[in-house]
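Asks: Sending over input-v2.cif (mmCIF, C-alpha atoms).
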```cif
data_input
#
loop_
_atom_site.label_atom_id
_atom_site.label_comp_id
_atom_site.auth_asym_id
_atom_site.auth_seq_id
_atom_site.Cartn_x
_atom_site.Cartn_y
_atom_site.Cartn_z
CA MET G 211 79.12 130.92 156.77
CA SER G 212 75.84 132.72 157.23
CA ARG G 213 73.94 133.85 154.16
CA MET G 214 71.99 136.25 156.37
CA SER G 215 75.07 138.49 156.60
CA VAL G 216 75.66 138.73 152.85
CA SER G 217 75.08 142.16 151.32
CA VAL G 218 75.03 143.00 147.59
CA THR G 219 75.42 146.64 146.49
CA ALA G 220 75.75 148.27 143.07
CA VAL G 221 78.90 150.32 143.73
CA LEU G 222 79.26 151.46 140.11
CA LYS G 223 75.81 151.82 138.64
CA HIS G 224 75.61 151.16 134.90
CA ALA G 225 79.39 151.17 134.63
CA THR G 226 79.30 149.16 131.41
CA LYS G 227 76.90 149.58 128.51
CA LYS G 228 77.17 146.18 126.83
CA LEU G 229 79.45 143.43 128.15
CA GLY G 230 81.11 144.11 131.50
CA GLU G 231 83.76 141.50 132.29
CA GLY G 232 87.11 140.63 133.82
CA PRO G 233 87.24 142.31 137.27
CA HIS G 234 90.78 142.34 138.67
CA TRP G 235 91.83 143.86 142.00
CA VAL G 236 95.06 145.89 142.06
CA GLU G 237 96.40 145.84 145.60
CA ALA G 238 98.98 148.62 145.21
CA THR G 239 96.43 151.24 144.22
CA LYS G 240 93.33 149.70 145.82
CA SER G 241 91.72 149.84 142.41
CA LEU G 242 89.45 147.57 140.43
CA LEU G 243 90.16 146.96 136.75
CA PHE G 244 87.40 145.69 134.46
CA VAL G 245 86.45 145.82 130.79
CA ASP G 246 83.47 146.34 128.53
CA ILE G 247 84.34 143.88 125.77
CA GLU G 248 81.95 145.11 123.11
CA CYS G 249 82.37 148.82 123.89
CA ARG G 250 86.15 148.28 123.60
CA GLU G 251 86.85 149.93 126.94
CA VAL G 252 89.19 149.31 129.88
CA HIS G 253 87.99 150.80 133.16
CA SER G 254 89.86 151.51 136.38
CA TRP G 255 87.99 152.42 139.56
CA ASN G 256 90.04 153.76 142.46
CA THR G 257 88.12 152.70 145.57
CA VAL G 258 89.92 155.30 147.71
CA SER G 259 89.22 158.38 145.61
CA GLY G 260 86.08 157.01 144.00
CA LYS G 261 87.36 158.10 140.59
CA THR G 262 86.78 155.96 137.51
CA SER G 263 89.03 156.29 134.45
CA THR G 264 88.49 154.76 131.02
CA VAL G 265 90.63 153.97 128.00
CA LYS G 266 88.81 153.24 124.72
CA LEU G 267 90.59 151.25 122.01
CA ASP G 268 89.89 150.10 118.45
CA ASP G 269 88.98 146.43 119.01
CA THR G 270 87.21 144.20 121.51
CA ILE G 271 88.96 143.87 124.87
CA GLY G 272 88.49 140.44 126.44
CA PHE G 273 90.43 140.96 129.65
CA VAL G 274 92.87 143.18 131.51
CA VAL G 275 95.58 142.25 134.03
CA PRO G 276 98.44 144.37 135.38
CA SER G 277 102.08 143.58 134.69
CA THR G 278 105.08 143.85 136.99
CA LYS G 279 106.46 146.53 134.65
CA GLY G 280 103.65 148.89 135.61
CA ASP G 281 101.59 148.69 132.45
CA LEU G 282 98.58 146.50 131.63
CA ILE G 283 98.18 143.35 129.56
CA ILE G 284 95.01 143.11 127.47
CA GLY G 285 93.33 140.76 125.05
CA LEU G 286 92.76 143.10 122.09
CA GLY G 287 90.78 141.31 119.41
CA CYS G 288 92.98 138.27 118.72
CA LYS G 289 96.11 139.98 120.02
CA LEU G 290 97.82 139.91 123.39
CA ALA G 291 99.17 143.39 123.99
CA ARG G 292 100.62 145.83 126.48
CA LEU G 293 98.67 148.99 127.28
CA ASN G 294 100.33 152.07 128.70
CA TRP G 295 97.51 153.67 130.65
CA ASP G 296 98.95 157.20 130.57
CA THR G 297 99.95 157.40 126.90
CA LYS G 298 97.28 154.94 125.59
CA GLU G 299 100.09 153.29 123.61
CA VAL G 300 99.46 149.65 122.64
CA THR G 301 102.33 147.22 122.01
CA VAL G 302 101.42 143.84 120.52
CA LEU G 303 103.06 140.82 122.14
CA ALA G 304 101.44 138.01 120.16
CA GLU G 305 98.58 137.27 117.78
CA VAL G 306 96.47 134.11 117.49
CA ASP G 307 93.59 132.74 115.40
CA LYS G 308 94.78 134.83 112.44
CA ASP G 309 92.16 133.42 110.07
CA THR G 310 89.79 136.39 110.05
CA SER G 311 86.97 134.26 108.63
CA LEU G 312 86.71 132.65 112.07
CA GLY G 313 85.58 135.93 113.60
CA ASN G 314 87.31 135.09 116.88
CA ARG G 315 88.41 137.28 119.77
CA PHE G 316 90.08 136.88 123.13
CA ASN G 317 87.80 136.38 126.11
CA ASP G 318 88.86 135.77 129.71
CA GLY G 319 92.49 135.83 130.83
CA LYS G 320 94.50 135.56 134.05
CA CYS G 321 98.03 134.92 135.28
CA ASP G 322 99.12 131.76 137.07
CA PRO G 323 101.15 131.86 140.32
CA SER G 324 104.41 132.19 138.38
CA GLY G 325 103.19 135.26 136.48
CA ARG G 326 102.56 133.38 133.21
CA LEU G 327 99.55 134.64 131.23
CA TRP G 328 96.66 132.35 130.24
CA ALA G 329 93.93 133.56 127.89
CA GLY G 330 91.46 131.95 125.54
CA THR G 331 89.51 132.77 122.41
CA MET G 332 85.96 132.31 121.15
CA HIS G 333 83.75 133.23 118.21
CA ASN G 334 82.75 136.87 118.70
CA GLU G 335 79.05 136.26 119.30
CA PRO G 336 77.49 137.44 122.60
CA ASP G 337 74.54 135.04 122.44
CA PRO G 338 75.77 131.60 123.60
CA THR G 339 73.00 129.91 121.59
CA LYS G 340 74.19 131.41 118.30
CA LEU G 341 77.98 131.28 118.37
CA LYS G 342 80.11 128.92 116.28
CA GLN G 343 81.29 126.20 118.62
CA GLU G 344 84.73 124.66 119.19
CA GLN G 345 86.66 127.18 117.10
CA GLY G 346 88.47 128.83 120.02
CA ALA G 347 91.47 127.75 122.08
CA LEU G 348 93.26 128.37 125.38
CA TYR G 349 96.76 129.83 125.12
CA SER G 350 99.58 130.56 127.52
CA LEU G 351 102.20 133.28 127.18
CA ASP G 352 105.36 132.60 129.15
CA THR G 353 107.32 135.44 130.71
CA ASP G 354 109.98 135.00 127.99
CA GLY G 355 107.36 135.60 125.29
CA THR G 356 106.79 131.97 124.31
CA LEU G 357 103.21 131.45 123.13
CA ARG G 358 101.64 127.99 123.39
CA LYS G 359 98.23 126.60 122.46
CA GLN G 360 97.26 124.58 125.53
CA VAL G 361 93.67 123.47 124.78
CA ASP G 362 91.93 123.39 121.39
CA LYS G 363 88.31 123.01 120.25
CA VAL G 364 87.08 125.48 122.86
CA SER G 365 83.70 127.18 122.42
CA ILE G 366 83.70 129.98 125.02
CA SER G 367 87.02 130.15 126.86
CA ASN G 368 86.23 131.50 130.30
CA GLY G 369 87.10 131.33 134.00
CA LEU G 370 90.57 130.37 135.25
CA ALA G 371 91.87 129.62 138.75
CA TRP G 372 94.74 127.76 140.41
CA SER G 373 94.80 125.74 143.61
CA HIS G 374 96.87 127.08 146.49
CA ASP G 375 99.42 124.27 146.22
CA HIS G 376 99.87 125.25 142.53
CA LYS G 377 99.24 121.66 141.42
CA THR G 378 95.78 122.10 139.86
CA MET G 379 94.44 124.50 137.26
CA TYR G 380 90.69 125.05 136.94
CA TYR G 381 89.19 126.13 133.63
CA ILE G 382 85.73 126.81 132.22
CA ASP G 383 84.41 126.32 128.70
CA SER G 384 80.92 127.78 129.01
CA ILE G 385 79.11 125.80 126.32
CA PRO G 386 79.64 122.30 127.79
CA ARG G 387 78.62 123.96 131.10
CA LYS G 388 81.51 122.35 132.94
CA VAL G 389 84.42 123.36 135.14
CA TRP G 390 87.49 121.33 134.23
CA ALA G 391 90.58 120.59 136.30
CA PHE G 392 94.06 119.82 135.00
CA ASP G 393 97.18 118.62 136.72
CA PHE G 394 99.40 121.68 136.58
CA ASP G 395 103.19 122.03 136.59
CA LEU G 396 104.10 125.52 137.75
CA ALA G 397 107.67 125.52 136.44
CA SER G 398 106.90 124.39 132.88
CA GLY G 399 103.30 125.52 132.52
CA ASN G 400 102.34 122.07 131.28
CA ILE G 401 98.82 120.79 131.93
CA SER G 402 97.52 117.21 131.80
CA ASN G 403 94.87 114.81 133.09
CA ARG G 404 91.82 116.89 132.19
CA ARG G 405 88.71 115.98 134.16
CA VAL G 406 85.35 117.47 135.15
CA VAL G 407 85.07 118.82 138.71
CA VAL G 408 81.77 120.75 138.39
CA ASP G 409 79.02 119.79 135.94
CA PHE G 410 76.14 122.22 135.52
CA GLY G 411 73.96 119.38 134.28
CA ASP G 412 71.39 119.14 131.51
CA GLU G 413 68.84 121.61 130.14
CA SER G 414 66.74 121.32 133.28
CA THR G 415 69.26 123.51 135.17
CA PHE G 416 69.47 126.39 132.68
CA LEU G 417 67.06 128.58 134.66
CA THR G 418 68.83 127.96 137.98
CA LEU G 419 72.47 127.91 136.86
CA GLY G 420 72.70 129.33 133.33
CA TRP G 421 76.16 129.10 131.78
CA PRO G 422 79.36 129.05 133.88
CA ASP G 423 81.31 132.21 133.06
CA GLY G 424 84.10 133.90 135.03
CA MET G 425 85.54 132.33 138.19
CA CYS G 426 87.74 132.94 141.21
CA ILE G 427 88.99 130.85 144.13
CA ASP G 428 88.91 131.52 147.88
CA VAL G 429 91.42 130.75 150.63
CA GLU G 430 89.60 127.48 151.38
CA GLY G 431 90.13 126.27 147.83
CA LYS G 432 86.49 126.59 146.83
CA LEU G 433 85.45 127.97 143.44
CA TRP G 434 83.12 130.92 142.91
CA VAL G 435 81.49 130.86 139.48
CA ALA G 436 79.47 133.65 137.85
CA CYS G 437 76.35 132.11 136.30
CA PHE G 438 75.49 133.93 133.08
CA GLY G 439 71.74 133.98 132.53
CA ALA G 440 70.89 133.00 136.10
CA GLY G 441 71.75 136.20 137.99
CA LYS G 442 73.96 134.69 140.65
CA VAL G 443 77.44 133.69 141.77
CA VAL G 444 77.70 130.15 143.10
CA ARG G 445 80.34 128.63 145.37
CA PHE G 446 81.34 125.05 144.51
CA ASP G 447 83.55 122.45 146.15
CA PRO G 448 85.88 121.17 143.39
CA GLU G 449 86.55 118.01 145.40
CA THR G 450 82.90 116.92 145.37
CA GLY G 451 81.34 119.08 142.65
CA GLN G 452 78.65 120.13 145.13
CA GLN G 453 77.10 123.56 145.36
CA LEU G 454 77.85 125.16 148.74
CA GLN G 455 76.34 128.64 148.53
CA GLU G 456 74.77 131.04 146.06
CA VAL G 457 74.67 134.81 146.01
CA PRO G 458 71.81 136.31 143.97
CA ILE G 459 72.86 139.32 141.87
CA PRO G 460 70.21 141.79 140.64
CA ALA G 461 71.33 141.38 137.02
CA LYS G 462 70.57 138.25 135.04
CA ARG G 463 73.71 138.21 132.89
CA THR G 464 76.40 137.89 135.57
CA THR G 465 79.77 137.50 133.85
CA SER G 466 82.65 137.32 136.33
CA CYS G 467 83.82 137.82 139.90
CA CYS G 468 86.98 138.48 141.89
CA PHE G 469 87.98 139.07 145.48
CA GLY G 470 89.40 142.43 146.51
CA GLY G 471 89.44 145.06 149.20
CA PRO G 472 92.24 145.60 151.75
CA ASP G 473 91.58 142.20 153.35
CA TYR G 474 90.31 140.38 150.23
CA ASP G 475 86.97 139.82 151.92
CA VAL G 476 84.99 141.76 149.31
CA MET G 477 83.79 140.23 146.06
CA TYR G 478 83.27 142.31 142.93
CA VAL G 479 80.89 141.07 140.25
CA THR G 480 80.49 142.28 136.66
CA CYS G 481 77.52 141.73 134.38
CA ALA G 482 76.22 142.38 130.88
CA THR G 483 73.22 143.94 129.21
CA ILE G 484 73.96 142.83 125.65
CA SER G 485 71.13 140.87 123.96
CA ALA G 486 68.85 141.50 126.94
CA SER G 487 65.20 142.18 126.16
CA GLU G 488 63.41 145.34 127.24
CA ALA G 489 61.41 143.24 129.69
CA GLU G 490 64.60 141.85 131.25
CA LEU G 491 66.15 145.30 131.59
CA LYS G 492 62.97 146.60 133.19
CA GLU G 493 63.02 143.70 135.64
CA THR G 494 66.74 144.23 136.45
CA PRO G 495 67.33 148.01 136.16
CA LEU G 496 70.83 147.70 137.68
CA ALA G 497 72.09 145.49 134.84
CA GLY G 498 75.43 146.77 133.58
CA SER G 499 76.57 147.77 137.07
CA VAL G 500 79.55 146.53 139.06
CA PHE G 501 78.35 144.92 142.28
CA GLN G 502 80.10 144.61 145.63
CA VAL G 503 79.39 141.57 147.81
CA THR G 504 80.30 141.63 151.51
CA GLY G 505 79.68 139.33 154.45
CA LEU G 506 80.63 136.12 152.64
CA GLY G 507 82.62 134.87 155.61
CA VAL G 508 85.56 133.83 153.43
CA LYS G 509 88.45 135.63 151.77
CA GLY G 510 90.25 135.48 148.46
CA MET G 511 93.93 135.87 147.70
CA SER G 512 96.00 138.48 145.87
CA PRO G 513 95.86 137.92 142.09
CA MET G 514 99.05 137.65 140.06
CA ALA G 515 100.40 140.17 137.61
CA PHE G 516 102.12 139.26 134.33
CA ALA G 517 105.83 138.88 135.08
CA GLY G 518 107.06 139.20 131.51
#
```
Mind turning this structure into structure tokens?

Replies:
Amino acid sequence: MSRMSVSVTAVLKHATKKLGEGPHWVEATKSLLFVDIECREVHSWNTVSGKTSTVKLDDTIGFVVPSTKGDLIIGLGCKLARLNWDTKEVTVLAEVDKDTSLGNRFNDGKCDPSGRLWAGTMHNEPDPTKLKQEQGALYSLDTDGTLRKQVDKVSISNGLAWSHDHKTMYYIDSIPRKVWAFDFDLASGNISNRRVVVDFGDESTFLTLGWPDGMCIDVEGKLWVACFGAGKVVRFDPETGQQLQEVPIPAKRTTSCCFGGPDYDVMYVTCATISASEAELKETPLAGSVFQVTGLGVKGMSPMAFAG
């Protein structure tokens, strides 16, 4: 694929004020969902009409995914909940990390190919160098409502993706700066055989790679990882751990990415401004925007909705 053809455009300038995250393409409406975690907002941008709508709630919102029932599933504080977009009604499905002294919240979340929800928690601290480590966890919520803790001692639960044969789950904990793989059983939701497939390395790579954040997978089975602090999205081969391509984003705190568009050949990238210095914001005036990347030469696949 030719990097000369890649184009990056701020399609929603300054769409989020603090911590833009969790882009999710909705095929039926040709819309992009995303959140501002710290502003407690869910956003929906209809790419046909150009209209953006927002729902503001009373706690942090780590992620948003649609459900097959027509509503949305959100990570609201430490709760997994349904959100009716029209009425703004919130219905709690489950609650985790109930010890309020932890100060935890949900972060990234996605659905596996069976429509089961996966979402993880972290200490609610936007600066990765200051948060309390290993007090979060990764949970799954089956379509029958069964909640399971799948991984414990997580610092910043982040990107999720599944291989096209549904036999491997990829998962990021940002603080170790690693992408993990697990053997994955689609029917049961069981994971095993955890191993590292991408290692961001030691401190010498902080400037070039930052922290691995949100993630998506393309039709060739390669992983695209948003690099928080480095202003880029990087494509990795999970078979070799090697970096294949990078896409510079004009915002240092890139948080997540997803494929979308009618042919899934467009990538959408979110970013943050929280904790950024005045000098950084002056250097990257488009920080807080949602970016559109075209010309990658590869496509993504339709994301799953929650089937419960």

Asks: Let me know the residues the PyMOL selection byres ((chain G and resi 214-227) around 8) catches in the file above, as a PyMOL selection string.

Replies: chain G and resi 212-213+228-230+245-246+249+457+459+482-484+496-506

Asks: Using only C-alpha atoms, please write the residues we just selected to a file, as a compact mmCIF listing (two decimals), in the coordinates of the input.

Replies:
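To be explicit, this is the file written out as part-v4.txt:
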```txt
# COMPACT_ATOMS: atom_id res chain seq x y z
CA SER G 212 75.84 132.72 157.23
CA ARG G 213 73.94 133.85 154.16
CA LYS G 228 77.17 146.18 126.83
CA LEU G 229 79.45 143.43 128.15
CA GLY G 230 81.11 144.11 131.50
CA VAL G 245 86.45 145.82 130.79
CA ASP G 246 83.47 146.34 128.53
CA CYS G 249 82.37 148.82 123.89
CA VAL G 457 74.67 134.81 146.01
CA ILE G 459 72.86 139.32 141.87
CA ALA G 482 76.22 142.38 130.88
CA THR G 483 73.22 143.94 129.21
CA ILE G 484 73.96 142.83 125.65
CA LEU G 496 70.83 147.70 137.68
CA ALA G 497 72.09 145.49 134.84
CA GLY G 498 75.43 146.77 133.58
CA SER G 499 76.57 147.77 137.07
CA VAL G 500 79.55 146.53 139.06
CA PHE G 501 78.35 144.92 142.28
CA GLN G 502 80.10 144.61 145.63
CA VAL G 503 79.39 141.57 147.81
CA THR G 504 80.30 141.63 151.51
CA GLY G 505 79.68 139.33 154.45
CA LEU G 506 80.63 136.12 152.64
```

Asks: Just the number, please: distance in Å from atom CA of G:Pro472 to atom CA of G:Leu242, one decimal.

Replies: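 Distance between the two atoms: 11.8 Å.
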
Asks: I'd like the contact shell of G:His253 - 7 Å cut-off, all atoms listed in the file, skipping same-chain residues fewer than 4 positions apart - returned as a ChimeraX atom specification.

Replies: /G:243-245,262-265

Asks: Counting all atoms listed in the file, what are the residues of stretch 321-379 of chain G within 10 Å of stretch 423-431 of chain G, and for each of them which pair of atoms is the nearest and at what distance in Å, to one decimal? Sort the table by chain and rising number, as a Markdown table.

Replies:
```
| residue | atom | partner | partner_atom | distance |
| --- | --- | --- | --- | --- |
| G:Ile366 | CA | G:Asp423 | CA | 8.7 |
| G:Ser367 | CA | G:Asp423 | CA | 8.7 |
| G:Asn368 | CA | G:Asp423 | CA | 5.7 |
| G:Gly369 | CA | G:Gly424 | CA | 4.1 |
| G:Leu370 | CA | G:Met425 | CA | 6.1 |
| G:Ala371 | CA | G:Cys426 | CA | 5.8 |
| G:Trp372 | CA | G:Ile427 | CA | 7.5 |
| G:Ser373 | CA | G:Gly431 | CA | 6.3 |
| G:His374 | CA | G:Gly431 | CA | 6.9 |
| G:Asp375 | CA | G:Gly431 | CA | 9.6 |
```

Asks: Go through G:Ala304, G:Val435, G:Ile385, G:Leu267 and flag the residue nearest G:Leu341, using all atoms listed in the file for the distances.

Replies: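 Nearest to G:Leu341: G:Ile385.
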
Asks: Return as a list in words the set of residues that the PyMOL selection byres ((chain G and resi 344) around 10) yields on the displayed structure.

Replies: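 Given this file, the PyMOL selection byres ((chain G and resi 344) around 10) evaluates to Thr331, Met332, His333, Leu341, Lys342, Gln343, Gln345, Gly346, Ala347, Asp362, Lys363, Val364, Ser365, Ile366, Ser367, Asp383 and Ile385 of chain G.
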
Asks: Which neighbours of G:Asp309 fall inside 12 Å, counting all atoms listed in the file, when residues of the same chain fewer than 2 positions from it are skipped, and could you give them as a list in words?

Replies: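 Answer for this query is Cys288, Glu305, Val306, Asp307, Ser311, Leu312, Gly313, Asn314, Arg315, His333, Gln345 and Gly346 of chain G.
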
Asks: Could you tell me which of G:Val300, G:Cys468, G:Ile247, G:Leu357 comes closest to G:Leu282 if we count only C-alpha atoms?

Replies: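 The answer is G:Val300, which sits nearest to G:Leu282.
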
Asks: Determine the residue membership of the PyMOL selection byres ((chain G and resi 234) around 10) for the file above and supply it as a PyMOL selection string.

Replies: chain G and resi 231-233+235-237+241-245+254+273-276+320+466-470+478+512-515

Asks: Considering only C-alpha atoms, can you say which of G:Thr465, G:Asp352, G:Pro323, G:Ala436 comes closest to G:Met511?

Replies: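 Ranking G:Thr465, G:Asp352, G:Pro323, G:Ala436 by distance to G:Met511, first place goes to G:Pro323.
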
Asks: When distances are computed from only C-alpha atoms, which of G:Ile382, G:Arg250, G:Ser402, G:Gly518 shows the smallest separation from G:Gly355?

Replies: G:Gly518

Asks: I want to know what sits within 7 Å of stretch 408-413 of chain G, based on only C-alpha atoms, with residues of the same chain fewer than 4 positions away left out; could you give that as a count of residues only?

Replies: 6

Asks: Closest to G:Phe516 among G:Arg404, G:Arg445, G:Lys492, G:Arg292, using only C-alpha atoms?

Replies: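 Smallest separation from G:Phe516 among the options: G:Arg292.
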
Asks: Find the distance between atom CA of G:Glu456 and atom CA of G:Leu433 and write it in Å to one decimal.

Replies: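 According to the coordinates, atom CA of G:Glu456 and atom CA of G:Leu433 are separated by 11.4 Å.
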
Asks: Suppose you want the space between atom CA of G:Thr415 and atom CA of G:Val476; what is it in Å?

Replies: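 So the two atoms, atom CA of G:Thr415 and atom CA of G:Val476, lie 27.9 Å apart.
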
Asks: Near G:Gly285, within 6 Å and counting all atoms listed in the file, which residues show up once chain neighbours fewer than 6 positions away are dropped, as an mmCIF file with C-alpha atoms, in the coordinates of the input?

Replies:
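Ended up saving to out01.cif:
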```
data_model
loop_
_atom_site.group_PDB
_atom_site.id
_atom_site.type_symbol
_atom_site.label_atom_id
_atom_site.label_comp_id
_atom_site.auth_asym_id
_atom_site.auth_seq_id
_atom_site.Cartn_x
_atom_site.Cartn_y
_atom_site.Cartn_z
ATOM 1 C CA ILE G 271 88.960 143.870 124.870
ATOM 2 C CA GLY G 272 88.490 140.440 126.440
ATOM 3 C CA PHE G 273 90.430 140.960 129.650
ATOM 4 C CA PHE G 316 90.080 136.880 123.130
#
```

Asks: Could you pull the residues within 10 Å of G:Thr356, counting all atoms listed in the file, minus those fewer than 6 positions along the same chain, as a PyMOL selection string?

Replies: chain G and resi 303-304+326+350

Asks: My list of candidates is G:Val258, G:Gly325, G:Leu351, G:Ile401. Which is closest to G:Ala291 when distances are computed with all atoms listed in the file?

Replies: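 Answer, going by the shortest atom-to-atom distance: G:Leu351.
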